[in-house]
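Only one structure is covered here, and it is reproduced in the block below.
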Amino acid sequence: ISEDGQALTGRLVNRHLHKEKSIPLELPPGEWKLAKSDIITADDIHSRNSFDNPEVVCDRPFDVADVRQLELPPHSIVRITFTR
């Protein structure tokens, strides 16, 4: 949670190599709205960045269909931020 209490950021990890993971999410009391969400993942678990291809693995925008039930792709990290 931010110092001023106006933003809440969480990171969720799906370590499974092949299966999507559905995560129920319950926000703390108050008026919270989705402000931003992004994901770090790649098509292959062996993917890596290099000088020639520096953005193979990087954060990209992540569409959240329902903030109460997040669907995490395989081998991914999702960062989600809410604001009041």
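Identifiers for the structure tokens are assigned positionally: chains receive A, B, ... in sequence, residues are indexed from 1 per chain, and ligands are indexed from 1 in the order shown.
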
Spatial neighbours of segment 36-53 of chain A, max dist 10 Å, only C-alpha atoms, sep filter under 6 positions, as a PDB file with C-alpha atoms, in the first residue's frame:
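Once everything was written out, this is result-v2.pdb:
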```pdb
ATOM      1  CA  THR A   9      -0.241  -2.818  -5.595  1.00  0.00           C
ATOM      2  CA  GLY A  10      -0.013  -6.584  -5.595  1.00  0.00           C
ATOM      3  CA  ARG A  11       2.042  -9.086  -7.537  1.00  0.00           C
ATOM      4  CA  LEU A  12       0.824 -12.564  -8.341  1.00  0.00           C
ATOM      5  CA  VAL A  13       2.964 -15.388  -9.704  1.00  0.00           C
ATOM      6  CA  LEU A  17       4.729 -24.212 -16.814  1.00  0.00           C
ATOM      7  CA  ASP A  59       6.423  -6.107 -18.754  1.00  0.00           C
ATOM      8  CA  ARG A  60       3.459  -5.529 -21.057  1.00  0.00           C
ATOM      9  CA  PRO A  61      -0.071  -4.301 -20.408  1.00  0.00           C
ATOM     10  CA  PHE A  62      -2.360  -7.002 -19.039  1.00  0.00           C
ATOM     11  CA  ASP A  63      -6.122  -6.944 -19.617  1.00  0.00           C
ATOM     12  CA  VAL A  64      -8.152  -7.768 -16.528  1.00  0.00           C
ATOM     13  CA  LEU A  72      -2.975 -15.822 -14.745  1.00  0.00           C
ATOM     14  CA  PRO A  73      -1.272 -17.334 -17.806  1.00  0.00           C
ATOM     15  CA  PRO A  74       1.342 -20.068 -17.292  1.00  0.00           C
ATOM     16  CA  HIS A  75       4.793 -19.013 -16.024  1.00  0.00           C
ATOM     17  CA  SER A  76       3.876 -15.368 -15.502  1.00  0.00           C
ATOM     18  CA  ILE A  77       4.062 -12.531 -13.007  1.00  0.00           C
ATOM     19  CA  VAL A  78       1.169 -10.076 -12.919  1.00  0.00           C
ATOM     20  CA  ARG A  79       1.350  -6.704 -11.169  1.00  0.00           C
ATOM     21  CA  ILE A  80      -1.975  -5.042 -10.474  1.00  0.00           C
ATOM     22  CA  THR A  81      -2.506  -1.579  -8.984  1.00  0.00           C
ATOM     23  CA  PHE A  82      -5.683  -0.144  -7.494  1.00  0.00           C
ATOM     24  CA  THR A  83      -6.347   3.437  -6.449  1.00  0.00           C
TER      25      THR A  83
END
```

Residues near Leu25 of chain A, anyone? I mean within 9 Å using only C-alpha atoms, not counting same-chain ones fewer than 4 positions away, as a list in words. Val67, Arg68, Gln69 and Leu70 of chain A

Mind dumping the selected residues with N, CA and C atoms as a PDB file, in the first residue's frame?
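For reference, out_28.pdb as written:
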```pdb
ATOM      1  N   VAL A  67     -11.847  -8.099 -11.919  1.00  0.00           N
ATOM      2  CA  VAL A  67     -10.885  -7.910 -10.829  1.00  0.00           C
ATOM      3  C   VAL A  67     -11.151  -8.844  -9.648  1.00  0.00           C
ATOM      4  N   ARG A  68     -12.312  -9.466  -9.599  1.00  0.00           N
ATOM      5  CA  ARG A  68     -12.604 -10.395  -8.506  1.00  0.00           C
ATOM      6  C   ARG A  68     -12.086 -11.801  -8.786  1.00  0.00           C
ATOM      7  N   GLN A  69     -11.724 -12.082 -10.054  1.00  0.00           N
ATOM      8  CA  GLN A  69     -11.238 -13.413 -10.436  1.00  0.00           C
ATOM      9  C   GLN A  69     -10.183 -13.242 -11.533  1.00  0.00           C
ATOM     10  N   LEU A  70      -8.920 -13.213 -11.128  1.00  0.00           N
ATOM     11  CA  LEU A  70      -7.833 -13.009 -12.087  1.00  0.00           C
ATOM     12  C   LEU A  70      -7.432 -14.327 -12.727  1.00  0.00           C
TER      13      LEU A  70
END
```

Among the residues of chain A, find those DSSP assigns to strand (DSSP E) from the backbone and print them as a PyMOL selection string. chain A and resi 7-14+21-24+33-40+59-61+69-72+76-83

Could you check how far atom CA of Val56 of chain A sits from atom CA of Asn14 of chain A, in Å to one decimal? 18.7 Å
